[in-house]
file final08.txt (compact mmCIF, C-alpha atoms and all ligand atoms)
# COMPACT_ATOMS: atom_id res chain seq x y z
CA MET M 170 0.00 0.00 0.00
CA ARG M 171 1.28 3.48 -0.85
CA THR M 172 0.26 7.05 0.01
CA GLN M 173 1.95 10.43 0.05
CA VAL M 174 1.57 11.11 3.79
CA GLY M 175 1.18 8.38 6.40
CA ILE M 176 -0.59 9.90 9.40
CA ILE M 177 -0.46 8.20 12.80
CA GLY M 178 -3.32 9.13 15.14
CA ALA M 179 -6.91 10.26 14.55
CA GLY M 180 -7.07 13.05 17.13
CA PRO M 181 -7.70 16.62 16.01
CA ALA M 182 -4.14 16.94 14.64
CA GLY M 183 -4.14 13.82 12.44
CA LEU M 184 -7.70 14.25 11.20
CA LEU M 185 -7.32 17.93 10.34
CA LEU M 186 -4.01 17.28 8.59
CA SER M 187 -5.58 14.55 6.49
CA HIS M 188 -8.46 16.86 5.57
CA LEU M 189 -6.30 19.91 4.72
CA LEU M 190 -4.00 17.72 2.60
CA HIS M 191 -7.02 16.32 0.76
CA LEU M 192 -8.09 19.90 -0.07
CA ARG M 193 -4.62 20.38 -1.63
CA GLY M 194 -4.87 17.18 -3.64
CA ILE M 195 -2.39 15.28 -1.43
CA SER M 196 -3.21 11.70 -0.43
CA SER M 197 -2.92 10.32 3.09
CA VAL M 198 -3.88 7.32 5.20
CA VAL M 199 -4.76 7.80 8.90
CA LEU M 200 -3.90 4.93 11.26
CA GLU M 201 -5.61 5.04 14.68
CA ARG M 202 -5.15 2.57 17.51
CA ARG M 203 -8.53 3.12 19.17
CA SER M 204 -12.08 2.66 17.83
CA ARG M 205 -14.03 5.40 16.08
CA ALA M 206 -16.55 5.42 18.95
CA HIS M 207 -13.74 5.86 21.46
CA VAL M 208 -12.18 8.90 19.77
CA GLU M 209 -15.59 10.45 19.12
CA GLN M 210 -16.69 10.11 22.73
CA ARG M 211 -13.49 11.01 24.55
CA VAL M 212 -14.33 14.18 26.51
CA ARG M 213 -11.49 16.66 26.25
CA ALA M 214 -11.07 20.43 26.28
CA GLY M 215 -13.42 22.80 24.53
CA VAL M 216 -12.06 26.29 23.91
CA LEU M 217 -11.30 27.23 20.30
CA GLU M 218 -9.28 30.32 19.48
CA GLN M 219 -10.46 32.57 16.66
CA GLY M 220 -7.66 31.24 14.42
CA THR M 221 -8.78 27.67 15.07
CA VAL M 222 -12.40 28.52 14.23
CA ASP M 223 -11.27 30.38 11.08
CA THR M 224 -9.18 27.37 10.01
CA LEU M 225 -12.04 24.90 10.48
CA VAL M 226 -14.56 27.18 8.72
CA ALA M 227 -12.21 27.83 5.78
CA ALA M 228 -11.66 24.06 5.50
CA GLY M 229 -15.42 23.51 5.16
CA VAL M 230 -15.84 21.73 8.51
CA GLY M 231 -17.22 24.66 10.49
CA GLU M 232 -20.92 24.42 9.75
CA ARG M 233 -22.03 22.74 13.01
CA LEU M 234 -19.36 24.64 14.95
CA LEU M 235 -20.84 27.96 13.79
CA ARG M 236 -24.35 26.75 14.62
CA GLU M 237 -23.76 25.08 18.00
CA GLY M 238 -20.51 26.66 19.24
CA LEU M 239 -20.86 29.22 22.03
CA PRO M 240 -18.96 32.46 21.29
CA HIS M 241 -17.44 34.10 24.37
CA SER M 242 -15.94 37.57 24.61
CA GLY M 243 -14.64 37.41 28.16
CA ILE M 244 -13.77 35.20 31.13
CA GLU M 245 -14.07 35.72 34.86
CA LEU M 246 -11.29 35.44 37.40
CA ARG M 247 -12.82 34.77 40.83
CA TYR M 248 -10.79 35.11 44.03
CA GLY M 249 -10.82 36.82 47.39
CA GLY M 250 -14.64 36.91 47.46
CA ALA M 251 -14.96 38.95 44.25
CA ALA M 252 -15.54 38.42 40.53
CA HIS M 253 -13.31 40.16 37.97
CA ARG M 254 -14.11 40.07 34.26
CA ILE M 255 -11.35 40.03 31.67
CA ALA M 256 -13.16 41.76 28.82
CA PHE M 257 -11.87 40.37 25.54
CA ASP M 258 -14.44 42.52 23.72
CA LYS M 259 -12.71 45.65 25.02
CA LEU M 260 -9.09 44.43 25.18
CA VAL M 261 -8.84 42.42 21.94
CA PRO M 262 -11.96 43.49 20.04
CA ASP M 263 -11.17 41.66 16.81
CA ARG M 264 -10.94 38.21 18.41
CA ARG M 265 -13.06 36.02 20.64
CA ILE M 266 -13.14 32.37 21.64
CA THR M 267 -15.73 29.72 20.89
CA VAL M 268 -16.66 26.97 23.33
CA TYR M 269 -17.20 23.73 21.38
CA GLY M 270 -16.15 20.30 22.61
CA GLN M 271 -13.00 18.82 21.12
CA GLN M 272 -14.82 15.55 20.48
CA GLU M 273 -17.33 17.49 18.39
CA VAL M 274 -14.45 18.78 16.25
CA VAL M 275 -13.26 15.18 15.94
CA LYS M 276 -16.75 13.99 14.88
CA ASP M 277 -17.03 16.76 12.27
CA LEU M 278 -13.58 15.95 10.84
CA ILE M 279 -14.24 12.19 10.67
CA ALA M 280 -17.55 12.84 8.90
CA ALA M 281 -15.85 15.14 6.39
CA ARG M 282 -13.04 12.67 5.67
CA LEU M 283 -15.41 9.76 5.20
CA ALA M 284 -17.73 11.84 2.97
CA ALA M 285 -14.71 12.61 0.76
CA GLY M 286 -13.72 8.93 0.60
CA GLY M 287 -10.76 9.41 2.93
CA ASP M 288 -8.80 6.39 4.13
CA LEU M 289 -9.18 6.35 7.94
CA ARG M 290 -8.41 3.11 9.76
CA PHE M 291 -9.46 2.54 13.34
CA GLU M 292 -8.40 -0.17 15.80
CA VAL M 293 -5.10 -0.59 13.97
CA PRO M 294 -2.66 -2.64 16.10
CA ASP M 295 1.12 -2.44 16.46
CA VAL M 296 1.82 0.71 14.47
CA ALA M 297 5.56 1.31 14.02
CA VAL M 298 7.49 3.78 11.88
CA HIS M 299 10.60 2.84 9.86
CA GLY M 300 13.10 4.21 7.35
CA LEU M 301 12.93 7.78 8.53
CA GLY M 302 16.04 8.72 6.57
CA ALA M 303 15.58 7.30 3.10
CA GLU M 304 12.53 5.08 2.73
CA PRO M 305 9.81 6.06 5.19
CA HIS M 306 7.14 3.46 5.83
CA VAL M 307 4.73 2.42 8.54
CA SER M 308 4.05 -1.15 9.60
CA PHE M 309 0.86 -2.21 11.34
CA GLY M 310 -0.92 -5.50 11.96
CA GLY M 311 1.18 -7.37 9.36
CA GLU M 312 0.72 -4.68 6.68
CA ARG M 313 3.07 -2.06 5.26
CA LEU M 314 2.25 1.51 4.24
CA ASP M 315 4.89 3.17 2.05
CA CYS M 316 4.85 6.95 2.09
CA GLU M 317 6.98 9.94 1.27
CA VAL M 318 6.42 11.60 4.60
CA ILE M 319 5.16 10.41 8.00
CA ALA M 320 3.16 12.70 10.28
CA GLY M 321 3.32 11.74 13.97
CA CYS M 322 -0.04 12.96 15.32
CA ASP M 323 -0.34 10.22 17.92
CA GLY M 324 -0.38 12.28 21.09
CA PHE M 325 1.92 12.25 24.08
CA HIS M 326 1.89 8.44 24.51
CA GLY M 327 2.27 7.60 20.82
CA VAL M 328 4.95 5.64 18.96
CA SER M 329 6.25 8.38 16.64
CA ARG M 330 8.34 10.46 19.01
CA PRO M 331 9.99 7.43 20.70
CA SER M 332 11.04 6.13 17.27
CA ILE M 333 13.42 9.06 16.82
CA PRO M 334 16.96 7.87 17.65
CA GLU M 335 18.27 8.67 21.08
CA GLY M 336 20.23 11.87 21.35
CA VAL M 337 18.36 13.70 18.59
CA LEU M 338 15.65 15.31 20.68
CA THR M 339 16.02 17.72 23.55
CA VAL M 340 13.14 17.35 25.96
CA TYR M 341 11.92 20.07 28.33
CA GLU M 342 9.31 19.15 30.90
CA ARG M 343 7.61 20.03 34.15
CA ASP M 344 5.18 18.01 36.23
CA TYR M 345 2.71 19.73 38.55
CA PRO M 346 1.86 18.50 42.05
CA PHE M 347 -1.85 18.20 41.21
CA ALA M 348 -4.30 16.90 38.58
CA TRP M 349 -7.73 18.02 37.34
CA LEU M 350 -10.91 16.11 38.00
CA GLY M 351 -13.16 16.88 35.01
CA VAL M 352 -16.92 16.55 35.24
CA LEU M 353 -19.65 16.83 32.60
CA ALA M 354 -23.13 17.51 34.06
CA ARG M 355 -26.61 17.72 32.59
CA VAL M 356 -27.41 21.15 34.02
CA PRO M 357 -27.56 24.61 32.42
CA PRO M 358 -24.40 26.67 33.04
CA SER M 359 -24.64 28.77 36.22
CA ALA M 360 -23.02 31.77 34.51
CA GLY M 361 -22.74 33.07 30.96
CA GLU M 362 -18.94 32.91 30.87
CA LEU M 363 -16.11 30.65 32.03
CA ILE M 364 -15.11 31.17 35.66
CA TYR M 365 -11.52 30.51 36.71
CA ALA M 366 -11.66 30.38 40.53
CA ARG M 367 -8.60 30.62 42.76
CA ASN M 368 -9.50 29.27 46.19
CA GLU M 369 -7.60 28.18 49.30
CA ARG M 370 -9.20 24.74 48.86
CA GLY M 371 -7.76 24.55 45.34
CA PHE M 372 -8.58 25.75 41.85
CA ALA M 373 -12.01 25.27 40.23
CA LEU M 374 -13.24 26.01 36.70
CA HIS M 375 -16.81 26.52 35.55
CA SER M 376 -17.19 25.89 31.81
CA MET M 377 -19.95 24.60 29.54
CA ARG M 378 -20.74 22.65 26.42
CA SER M 379 -24.27 23.82 25.54
CA PRO M 380 -27.22 25.67 27.13
CA ALA M 381 -28.06 22.34 28.82
CA LEU M 382 -24.60 20.93 29.63
CA SER M 383 -22.01 22.25 32.08
CA ARG M 384 -18.35 21.28 32.31
CA PHE M 385 -16.37 21.65 35.54
CA TYR M 386 -12.85 20.98 36.75
CA LEU M 387 -11.46 20.68 40.28
CA GLN M 388 -7.81 20.74 41.30
CA VAL M 389 -7.17 17.38 43.03
CA PRO M 390 -4.04 15.53 44.26
CA PRO M 391 -1.93 14.07 41.42
CA ASP M 392 -2.80 10.49 42.37
CA ALA M 393 -6.55 11.15 42.78
CA ASP M 394 -8.98 8.48 41.65
CA ALA M 395 -12.34 9.50 40.15
CA GLY M 396 -13.84 6.62 42.16
CA ASP M 397 -13.10 8.59 45.33
CA TRP M 398 -15.29 11.42 44.06
CA PRO M 399 -18.95 10.45 44.36
CA ASP M 400 -21.32 13.04 42.88
CA GLU M 401 -22.21 14.60 46.26
CA ARG M 402 -18.55 15.19 47.01
CA VAL M 403 -18.00 16.78 43.59
CA TRP M 404 -20.93 19.18 44.03
CA ALA M 405 -19.99 20.05 47.62
CA GLU M 406 -16.43 20.88 46.56
CA LEU M 407 -17.51 22.85 43.47
CA LYS M 408 -19.90 24.85 45.64
CA ALA M 409 -17.21 25.48 48.27
CA ARG M 410 -14.79 26.78 45.62
CA LEU M 411 -17.23 28.64 43.34
CA GLU M 412 -19.96 30.02 45.61
CA THR M 413 -17.64 32.68 46.97
CA VAL M 414 -19.21 35.84 45.59
CA PRO M 415 -22.51 37.39 46.67
CA GLY M 416 -25.51 36.23 44.65
CA PHE M 417 -23.85 33.28 42.89
CA THR M 418 -25.46 29.85 43.28
CA LEU M 419 -24.16 26.80 41.48
CA ALA M 420 -26.93 24.80 39.79
CA THR M 421 -26.46 21.04 40.19
CA GLY M 422 -27.68 18.13 38.08
CA GLU M 423 -26.88 14.65 36.84
CA ILE M 424 -23.17 13.98 36.35
CA VAL M 425 -22.68 12.10 33.09
CA GLU M 426 -18.89 11.82 32.90
CA LYS M 427 -16.01 12.03 35.35
CA GLY M 428 -12.26 11.64 34.84
CA VAL M 429 -8.88 12.67 36.23
CA ALA M 430 -6.31 14.27 33.91
CA PRO M 431 -2.66 14.79 34.87
CA MET M 432 -1.07 18.21 34.45
CA ARG M 433 2.15 18.38 32.50
CA SER M 434 4.28 20.78 30.50
CA PHE M 435 6.44 19.17 27.81
CA VAL M 436 8.30 20.15 24.63
CA ALA M 437 10.45 17.94 22.39
CA GLU M 438 12.82 19.79 20.07
CA PRO M 439 13.10 19.70 17.12
CA MET M 440 9.59 18.63 16.11
CA GLN M 441 10.98 16.59 13.22
CA TYR M 442 13.55 13.99 12.22
CA GLY M 443 14.29 12.82 8.68
CA ARG M 444 10.92 12.43 6.99
CA LEU M 445 8.96 12.29 10.26
CA TYR M 446 7.14 15.42 11.41
CA LEU M 447 5.46 15.65 14.83
CA ALA M 448 2.31 17.70 15.39
CA GLY M 449 0.10 18.37 18.42
CA ASP M 450 0.50 16.49 21.69
CA ALA M 451 3.11 14.18 20.11
CA ALA M 452 5.50 17.15 20.21
CA HIS M 453 4.28 19.24 23.13
CA ILE M 454 1.88 19.25 26.09
CA VAL M 455 0.55 22.17 28.10
CA PRO M 456 -1.49 22.12 31.31
CA PRO M 457 -5.12 22.87 30.39
CA THR M 458 -5.41 26.09 32.40
CA GLY M 459 -4.73 28.24 29.32
CA ALA M 460 -6.92 26.10 27.02
CA LYS M 461 -4.13 25.93 24.44
CA GLY M 462 -3.64 22.19 23.64
CA LEU M 463 -6.08 21.80 20.78
CA ASN M 464 -5.27 25.24 19.38
CA LEU M 465 -1.55 24.47 19.23
CA ALA M 466 -2.29 21.22 17.41
CA VAL M 467 -4.36 23.06 14.80
CA ALA M 468 -1.67 25.70 14.34
CA ASP M 469 1.01 22.99 13.88
CA VAL M 470 -1.09 21.32 11.23
CA ARG M 471 -1.71 24.55 9.35
CA VAL M 472 2.03 25.19 9.06
CA LEU M 473 2.80 21.56 8.22
CA THR M 474 0.15 21.56 5.48
CA GLU M 475 1.74 24.59 3.79
CA ALA M 476 5.17 22.95 3.95
CA LEU M 477 3.87 19.65 2.55
CA ALA M 478 1.92 21.42 -0.20
CA ALA M 479 5.09 23.22 -1.30
CA PHE M 480 7.07 19.98 -1.13
CA PHE M 481 4.66 17.97 -3.26
CA ALA M 482 4.09 20.83 -5.74
CA THR M 483 7.72 21.83 -6.32
CA GLY M 484 9.91 19.18 -4.73
CA SER M 485 11.43 21.86 -2.50
CA ALA M 486 11.88 20.77 1.12
CA ARG M 487 12.73 24.30 2.27
CA LEU M 488 9.51 24.83 4.26
CA LEU M 489 9.52 21.26 5.57
CA ASP M 490 13.09 21.70 6.78
CA GLY M 491 11.98 24.86 8.61
CA TYR M 492 8.79 23.38 10.12
CA SER M 493 10.04 22.96 13.68
CA ALA M 494 11.82 26.34 13.71
CA ALA M 495 8.63 27.98 12.43
CA ARG M 496 6.49 26.45 15.19
CA LEU M 497 8.70 26.55 18.28
CA PRO M 498 8.39 30.28 19.09
CA ARG M 499 4.60 29.95 19.28
CA VAL M 500 4.81 26.63 21.09
CA TRP M 501 6.96 28.28 23.74
CA ARG M 502 4.67 31.32 24.02
CA ALA M 503 1.83 28.92 24.79
CA GLN M 504 4.09 27.02 27.21
CA HIS M 505 4.79 30.17 29.16
CA PHE M 506 1.18 31.33 29.18
CA SER M 507 -0.13 27.92 30.28
CA TRP M 508 2.47 27.62 33.04
CA TRP M 509 1.71 31.20 34.14
CA MET M 510 -2.07 30.71 34.27
CA THR M 511 -1.53 27.46 36.18
CA SER M 512 0.80 29.14 38.71
CA LEU M 513 -1.57 32.08 39.13
CA LEU M 514 -4.65 30.04 39.99
CA HIS M 515 -3.65 26.81 41.80
CA THR M 516 -2.61 26.12 45.36
CA PHE M 517 0.74 24.40 45.86
CA ASP M 518 1.48 22.21 48.87
CA ASP M 519 4.70 24.02 49.60
CA ASP M 520 3.10 27.49 49.37
CA ASP M 521 4.02 29.60 52.35
CA ALA M 522 2.25 32.79 53.40
CA TYR M 523 4.62 34.83 51.24
CA ALA M 524 3.87 32.75 48.12
CA ARG M 525 0.13 33.16 48.67
CA ARG M 526 0.44 36.93 49.03
CA LEU M 527 2.51 37.10 45.84
CA GLN M 528 -0.15 35.12 43.96
CA LEU M 529 -2.95 37.39 45.20
CA SER M 530 -0.94 40.49 44.42
CA HIS M 531 -0.43 39.25 40.88
CA LEU M 532 -4.14 38.52 40.50
CA ASP M 533 -4.89 42.06 41.73
CA TYR M 534 -2.49 43.42 39.11
CA VAL M 535 -4.02 41.41 36.26
CA THR M 536 -7.54 42.47 37.22
CA SER M 537 -6.80 46.14 37.83
CA SER M 538 -4.20 47.08 35.20
CA GLU M 539 -5.55 47.30 31.68
CA ALA M 540 -2.11 46.49 30.25
CA ALA M 541 -1.82 43.34 32.37
CA ALA M 542 -5.37 42.25 31.53
CA ALA M 543 -4.64 42.85 27.84
CA THR M 544 -1.64 40.51 28.08
CA LEU M 545 -3.83 37.77 29.50
CA ALA M 546 -6.57 38.44 26.93
CA GLU M 547 -4.21 38.47 23.96
CA ASN M 548 -2.65 35.16 24.97
CA TYR M 549 -5.97 33.53 25.86
CA VAL M 550 -7.73 34.35 22.59
CA GLY M 551 -4.55 33.42 20.74
CA MET M 552 -1.74 35.45 19.27
CA PRO M 553 -2.39 36.54 15.67
CA TRP M 554 -1.51 33.78 13.20
N1 LIG W 601 -0.98 3.97 16.96
C1 LIG W 601 -2.05 4.63 16.42
N2 LIG W 601 -2.68 5.65 17.03
C2 LIG W 601 -2.20 6.06 18.21
C3 LIG W 601 -1.08 5.43 18.83
C4 LIG W 601 -0.47 4.35 18.16
N3 LIG W 601 0.58 3.73 18.69
N4 LIG W 601 -0.84 6.05 20.00
C5 LIG W 601 -1.77 7.01 20.14
N5 LIG W 601 -2.60 7.03 19.05
C6 LIG W 601 -3.76 7.89 18.84
C7 LIG W 601 -4.59 8.12 20.09
O1 LIG W 601 -5.48 7.04 20.33
C8 LIG W 601 -5.32 9.41 19.72
O2 LIG W 601 -6.55 9.17 19.10
O3 LIG W 601 -3.35 9.17 18.45
C9 LIG W 601 -4.37 10.11 18.76
C10 LIG W 601 -3.79 11.37 19.34
O4 LIG W 601 -4.79 12.31 19.55
P1 LIG W 601 -4.77 13.38 20.73
O5 LIG W 601 -4.21 12.78 21.96
O6 LIG W 601 -6.12 13.98 20.78
O7 LIG W 601 -3.68 14.47 20.26
P2 LIG W 601 -3.72 15.62 19.15
O8 LIG W 601 -4.42 15.20 17.92
O9 LIG W 601 -2.33 16.12 19.08
O10 LIG W 601 -4.68 16.72 19.79
C11 LIG W 601 -4.26 17.80 20.57
O11 LIG W 601 -5.07 19.06 22.42
O12 LIG W 601 -6.79 19.51 23.93
C12 LIG W 601 -5.54 18.96 23.78
O13 LIG W 601 -4.56 17.01 24.70
C13 LIG W 601 -5.67 17.52 24.05
O14 LIG W 601 -6.05 15.75 22.59
C14 LIG W 601 -5.81 17.02 22.61
C15 LIG W 601 -4.70 17.78 21.99
C1 LIG W 602 -13.29 23.07 28.93
O1 LIG W 602 -14.39 23.61 28.74
O2 LIG W 602 -13.14 21.85 28.82
C2 LIG W 602 -12.11 23.90 29.32
C3 LIG W 602 -12.24 25.27 29.35
C4 LIG W 602 -11.14 26.05 29.72
C5 LIG W 602 -9.95 25.44 30.05
C6 LIG W 602 -9.82 24.07 30.00
C7 LIG W 602 -10.91 23.29 29.64
O3 LIG W 602 -8.89 26.21 30.44
call {"tool": "encode", "arguments": {"input": "final08.txt", "output": "structure tokens", "more": "lines below"}}
Ligand code: APR
Ligand code: PHB
result
Amino acid sequence: MRTQVGIIGAGPAGLLLSHLLHLRGISSVVLERRSRAHVEQRVRAGVLEQGTVDTLVAAGVGERLLREGLPHSGIELRYGGAAHRIAFDKLVPDRRITVYGQQEVVKDLIAARLAAGGDLRFEVPDVAVHGLGAEPHVSFGGERLDCEVIAGCDGFHGVSRPSIPEGVLTVYERDYPFAWLGVLARVPPSAGELIYARNERGFALHSMRSPALSRFYLQVPPDADAGDWPDERVWAELKARLETVPGFTLATGEIVEKGVAPMRSFVAEPMQYGRLYLAGDAAHIVPPTGAKGLNLAVADVRVLTEALAAFFATGSARLLDGYSAARLPRVWRAQHFSWWMTSLLHTFDDDDAYARRLQLSHLDYVTSSEAAAATLAENYVGMPW
């Protein structure tokens, strides 16, 4: 079997790459380890930057997103018994975010690829990449896929990055001493906008998926088990961390999904080796506090598509050779922002009184200085493409 680009992983990165390449007349095969139902139902993040929305709309996969996505032009920072709005509409008037579940993006992309006759394979076992220097190919379940280029879109735990010879990559990483318990509940959102709450009991986030579905996160110990969080405990803790301003009551309802996600920062440099190019979580991870993971994956894929289009049209590898260098400045901007948002809003076990006062002072600065708020807003909605 032969294709131009062998794509490993059917997350947002692999699926969007396959679709954008198709629009440029470039063939690809997507190899995914899990089932279609699994990738379509996996609850992940849900904040799309303007550039991400624009990319999906321009690619013809934005119809449902424009209909069902929830546009937001601000977020709330809640701490010290008060609510503070970061007004994107005033600070970055040309850009806003759209709340739309990542698994909905995945469903839309799978539907588009299948409608166009795309070759997507699910439940593919034992994927391995070979011949990265001269003769790239992918083996899986006794079969062989020959390709000119391999795209590693297989997330943090995939096989692509580990197949790069030792000594090539420089890895930068940071673990955090906490995780997030994520909860999806059948209850209308209790506020119109996302609420990022800093609380002595730990961080909490109020988000949403639709007028009838709310999404919440709680900072929990790194080894927390969702089984130790019965619904009553989840609601009691969310109330304790969010009902801290006058007049705010958290509406409760049926919890339909619950899971613990680790928090990690990670970058592997360069994001390429030979004819293998890494995109999305395969190359970098951010903690979810800045809502950047999906948006970085989409931005990687946009740049990689341009480089591949030039390569297949002219034979020039100039843009492909520069792929990693083109992406890393933005990857690191998102790394810093995500680390900063995480540090600003969470409690740390080794915090002393001084550390807590510093954190509160910084929150006061961000919510009272227009310049500081604009920095947060610009990074949150996404730097211009
Ligand atoms: N063989 C085939 N597929 C694999 C393999 C493998 N060995 N290992 C992992 N995969 C698949 C996973 O099952 C998953 O479907 O690769 C896919 C990677 O998708 P994601 O983890 O969603 O990563 P990515 O596409 O880079 O999306 C960016 O942004 O919101 C964040 O972390 C969140 O997933 C999100 C990411
Ligand atoms: C979400 O809605 O899932 C969400 C929102 C904001 C974040 C992270 C996740 O920072």
call {"tool": "atom_distance", "arguments": {"input": "final08.txt", "atom1": "atom CA of M:His531", "atom2": "atom CA of M:Asp263"}}
result
26.5 Å
call {"tool": "closest_residue", "arguments": {"input": "final08.txt", "among": "M:Ala354, M:Leu185, M:Gly336, M:Gly250", "to": "M:Ala280", "atoms": "all atoms listed in the file"}}
result
M:Leu185
call {"tool": "closest_atom_pairs", "arguments": {"input": "final08.txt", "of": "stretch 393-452 of chain M", "to": "stretch 196-212 of chain M", "cutoff": "12 Å", "atoms": "all atoms listed in the file", "output": "JSON lines"}}
result
{"residue": "M:Val425", "atom": "CA", "partner": "M:Val212", "partner_atom": "CA", "distance": 10.8}
{"residue": "M:Glu426", "atom": "CA", "partner": "M:Val212", "partner_atom": "CA", "distance": 8.2}
{"residue": "M:Lys427", "atom": "CA", "partner": "M:Val212", "partner_atom": "CA", "distance": 9.3}
{"residue": "M:Gly428", "atom": "CA", "partner": "M:Val212", "partner_atom": "CA", "distance": 9.0}
{"residue": "M:Val429", "atom": "CA", "partner": "M:Val212", "partner_atom": "CA", "distance": 11.2}
{"residue": "M:Ala430", "atom": "CA", "partner": "M:Val212", "partner_atom": "CA", "distance": 10.9}
call {"tool": "closest_residue", "arguments": {"input": "final08.txt", "among": "M:Gly229, M:Gly180, M:Gly327, M:Gly351", "to": "M:Lys276", "atoms": "all atoms listed in the file"}}
result
M:Gly180
call {"tool": "atom_distance", "arguments": {"input": "final08.txt", "atom1": "atom CA of M:Val226", "atom2": "atom CA of M:His505"}}
result
28.3 Å
call {"tool": "closest_residue", "arguments": {"input": "final08.txt", "among": "M:Ser530, M:Gln271, M:Ser329, M:Thr536", "to": "M:Ala251", "atoms": "all atoms listed in the file"}}
result
M:Thr536
call {"tool": "closest_atom_pairs", "arguments": {"input": "final08.txt", "of": "chain M", "to": "ligand LIG 602 (chain W)", "cutoff": "10 Å", "atoms": "only C-alpha atoms and all ligand atoms", "output": "Markdown table"}}
result
| residue | atom | partner | partner_atom | distance |
| --- | --- | --- | --- | --- |
| M:Val212 | CA | W:LIG602 | O2 | 8.1 |
| M:Arg213 | CA | W:LIG602 | O2 | 6.0 |
| M:Ala214 | CA | W:LIG602 | O2 | 3.6 |
| M:Gly215 | CA | W:LIG602 | O1 | 4.4 |
| M:Val216 | CA | W:LIG602 | C3 | 5.5 |
| M:Leu217 | CA | W:LIG602 | C3 | 9.3 |
| M:Ile244 | CA | W:LIG602 | C4 | 9.6 |
| M:Val268 | CA | W:LIG602 | O1 | 6.8 |
| M:Tyr269 | CA | W:LIG602 | O1 | 7.9 |
| M:Gly270 | CA | W:LIG602 | O2 | 7.1 |
| M:Gln271 | CA | W:LIG602 | O2 | 8.3 |
| M:Trp349 | CA | W:LIG602 | C6 | 9.7 |
| M:Gly351 | CA | W:LIG602 | O2 | 7.9 |
| M:Val352 | CA | W:LIG602 | O2 | 9.1 |
| M:Leu353 | CA | W:LIG602 | O2 | 9.0 |
| M:Leu363 | CA | W:LIG602 | C3 | 7.1 |
| M:Ile364 | CA | W:LIG602 | C4 | 8.8 |
| M:Tyr365 | CA | W:LIG602 | O3 | 8.0 |
| M:Leu374 | CA | W:LIG602 | C4 | 7.3 |
| M:His375 | CA | W:LIG602 | O1 | 7.8 |
| M:Ser376 | CA | W:LIG602 | O1 | 4.7 |
| M:Met377 | CA | W:LIG602 | O1 | 5.7 |
| M:Arg378 | CA | W:LIG602 | O1 | 6.8 |
| M:Ser383 | CA | W:LIG602 | O1 | 8.4 |
| M:Arg384 | CA | W:LIG602 | O1 | 5.8 |
| M:Phe385 | CA | W:LIG602 | O1 | 7.3 |
| M:Tyr386 | CA | W:LIG602 | C7 | 7.7 |
| M:Pro456 | CA | W:LIG602 | O3 | 8.5 |
| M:Pro457 | CA | W:LIG602 | C6 | 4.9 |
| M:Thr458 | CA | W:LIG602 | O3 | 4.0 |
| M:Gly459 | CA | W:LIG602 | O3 | 4.8 |
| M:Ala460 | CA | W:LIG602 | O3 | 3.9 |
| M:Lys461 | CA | W:LIG602 | O3 | 7.7 |
| M:Gly462 | CA | W:LIG602 | C6 | 9.1 |
| M:Ser507 | CA | W:LIG602 | O3 | 8.9 |
| M:Met510 | CA | W:LIG602 | O3 | 9.0 |
| M:Thr511 | CA | W:LIG602 | O3 | 9.4 |
| M:Tyr549 | CA | W:LIG602 | O3 | 9.1 |
call {"tool": "atom_distance", "arguments": {"input": "final08.txt", "atom1": "atom CA of M:Ala466", "atom2": "atom CA of M:Leu192"}}
result
18.5 Å
call {"tool": "residues_around", "arguments": {"input": "final08.txt", "residues": "stretch 316-325 of chain M", "least_positions_apart": "3", "cutoff": "8 Å", "atoms": "only C-alpha atoms", "output": "MDAnalysis selection string"}}
result
chainID M and resid 171:180 182:183 304:307 328:330 444:454
call {"tool": "write_last_selection", "arguments": {"input": "final08.txt", "atoms": "C-alpha atoms", "output": "compact mmCIF listing (two decimals), keeping the file's coordinate frame"}}
result
# COMPACT_ATOMS: atom_id res chain seq x y z
CA ARG M 171 1.28 3.48 -0.85
CA THR M 172 0.26 7.05 0.01
CA GLN M 173 1.95 10.43 0.05
CA VAL M 174 1.57 11.11 3.79
CA GLY M 175 1.18 8.38 6.40
CA ILE M 176 -0.59 9.90 9.40
CA ILE M 177 -0.46 8.20 12.80
CA GLY M 178 -3.32 9.13 15.14
CA ALA M 179 -6.91 10.26 14.55
CA GLY M 180 -7.07 13.05 17.13
CA ALA M 182 -4.14 16.94 14.64
CA GLY M 183 -4.14 13.82 12.44
CA GLU M 304 12.53 5.08 2.73
CA PRO M 305 9.81 6.06 5.19
CA HIS M 306 7.14 3.46 5.83
CA VAL M 307 4.73 2.42 8.54
CA VAL M 328 4.95 5.64 18.96
CA SER M 329 6.25 8.38 16.64
CA ARG M 330 8.34 10.46 19.01
CA ARG M 444 10.92 12.43 6.99
CA LEU M 445 8.96 12.29 10.26
CA TYR M 446 7.14 15.42 11.41
CA LEU M 447 5.46 15.65 14.83
CA ALA M 448 2.31 17.70 15.39
CA GLY M 449 0.10 18.37 18.42
CA ASP M 450 0.50 16.49 21.69
CA ALA M 451 3.11 14.18 20.11
CA ALA M 452 5.50 17.15 20.21
CA HIS M 453 4.28 19.24 23.13
CA ILE M 454 1.88 19.25 26.09
call {"tool": "closest_residue", "arguments": {"input": "final08.txt", "among": "M:Asp315, M:Asp394, M:Glu539, M:Asp295", "to": "ligand LIG 601 (chain W)", "atoms": "only C-alpha atoms and all ligand atoms"}}
result
M:Asp295
call {"tool": "closest_residue", "arguments": {"input": "final08.txt", "among": "M:Arg290, M:Arg264, M:Arg193, M:Arg525", "to": "ligand LIG 601 (chain W)", "atoms": "all atoms listed in the file"}}
result
M:Arg290
call {"tool": "axis_aligned_box", "arguments": {"input": "final08.txt", "around": "ligand LIG 601 (chain W)", "padding_each_side": "8 Å", "output": "JSON"}}
result
{"center_x": -3.1, "center_y": 11.6, "center_z": 20.6, "size_x": 23.4, "size_y": 31.8, "size_z": 24.3}
